[in-house]
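Here's the structure we're looking at; comments come further down.
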Amino acid sequence: MDAAAVRKCVSKLLSRQEPGLLVPKVPWSPELQKEIRKLDAGTDPNALAVISGLLLWNDDLDGCHTIAQDLDDAHGAYLHGVLHRREPDYGNAAYWFRKVGAHALFPHLRVASLELLAEAPASDPYKKAIEGTSDWDPFRMIDWCGAATEEREVAFLRAMQAVEIQGLTYYWLDRAKLAR
């Protein structure tokens, strides 16, 4: 896979002014969607996962799903879980997160969420729930996404989702030995 082309895609995704919607209707950038789909992963599952993660980050749920459904490990299940959460198909998302188990990204998500909530009052329900556990709970994220109605809630969840998707993509970039 062309590492320079991948870096160009990541750079474009990092230029987004706002995190992706919890439930996107269309890809964020149709032009970028074409560029990502041109990347040649061959049969390397790590490179395929990079493409799937880039598509997910660009809000191309169908493109992500086409690849993620063939990634048969816990990391592919994570991608699958996030894309179904974003559809929103919460029951299917939970199914895939049960296949994930404990993931190396979870402790980082917990820290990131507490950083995002640093200015929130101690009574904030998200802050209290996260501080009350030692790890990230993807099932709670599913529930929160399904129940969020207030702008503040949605903003926090969108920011967390962005951290999660970027973390997954970087995880796969490292596994595929592609420089960020």
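Each chain in the structure tokens gets a letter, A, B and so on, in the order shown; residues start at 1 in every chain, and ligands are counted from 1 in the order they appear.
All residues of protein, DNA or RNA that reach within 7 Å of range 59-67 of chain A, judged by only C-alpha atoms and not counting those fewer than 3 positions away in the chain, are Gly20, Pro24, Val26, Pro27, Trp28, Leu48, Ser52, Gly53, Leu55, Leu56, Asp70, Leu71, His80 and Leu83 of chain A.
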Open item on the list: Neighbouring residues of range 1-12 of chain A were defined as those with any atom within 10 Å, considering only C-alpha atoms; residues of the same chain fewer than 2 positions away were excluded. Please report them as a ChimeraX atom specification.
Closed with: /A:14-16,29,32-33,35-36,38-42,44,47-48,50-51,54-55,57-58,166,169-170,173,176-180
Open item on the list: Taking 2 positions as the minimum chain separation for residues in the same chain, which residues sit within 10 Å of Asp137 in chain A when counting only C-alpha atoms? Answer as JSON, numbers by chain.
Closed with: {"A": [97, 102, 106, 107, 109, 110, 129, 130, 133, 134, 135, 139, 140, 141, 142]}
How about saving the chosen residues, C-alpha atoms kept, as a CSV table (one decimal), in the first residue's frame?
```csv
chain,number,residue,atom,x,y,z
A,97,PHE,CA,-18.5,-5.5,20.9
A,102,ALA,CA,-10.9,-6.1,26.3
A,106,PHE,CA,-10.1,1.1,26.0
A,107,PRO,CA,-7.7,2.6,28.7
A,109,LEU,CA,-10.5,6.1,25.6
A,110,ARG,CA,-11.2,6.3,29.4
A,129,ALA,CA,-19.9,6.9,35.3
A,130,ILE,CA,-16.5,7.0,33.8
A,133,THR,CA,-14.8,2.4,36.6
A,134,SER,CA,-11.2,1.6,35.7
A,135,ASP,CA,-11.8,0.9,32.0
A,139,PHE,CA,-21.7,-1.0,25.8
A,140,ARG,CA,-22.2,2.2,27.8
A,141,MET,CA,-21.2,4.2,24.8
A,142,ILE,CA,-23.8,2.4,22.7
```
Task: Among listed residues A:Val82, A:Met160, A:Ala120, A:Ala74, nearest Gly101 in chain A (using only C-alpha atoms) - done: A:Ala74
TODO: Give the helix (DSSP H, G or I) residues of chain A, as DSSP finds them on the backbone, and put them as number ranges by chain.
DONE: A: 3-14, 30-38, 45-57, 61-68, 74-86, 90-100, 106-116, 125-131, 138-147, 151-175
Task: Shell of 12 Å around Trp144 in chain A, only C-alpha atoms, local chain residues under 2 positions omitted, as an MDAnalysis selection string - done: chainID A and resid 22 85 90 125:126 129 137:142 146:150 153:158 160:161
TODO: Work out how far CA of Asp143 in chain A is from CA of Ala49 in chain A, in Å to one decimal.
DONE: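 For CA of Ala49 in chain A relative to CA of Asp143 in chain A, the distance reads 25.7 Å.
The shortest atom-to-atom distance to Gln17 in chain A, with only C-alpha atoms taken into account, belongs to A:Ala159 out of A:Glu115, A:Glu164, A:Asp174, A:Ala159.
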Open item on the list: Given only C-alpha atoms as the basis, pick out the residue of A:Cys145, A:Trp96, A:Trp136, A:Leu79 nearest to His108 in chain A.
Closed with: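 Of the candidates, the smallest distance to His108 in chain A is held by A:Trp136.
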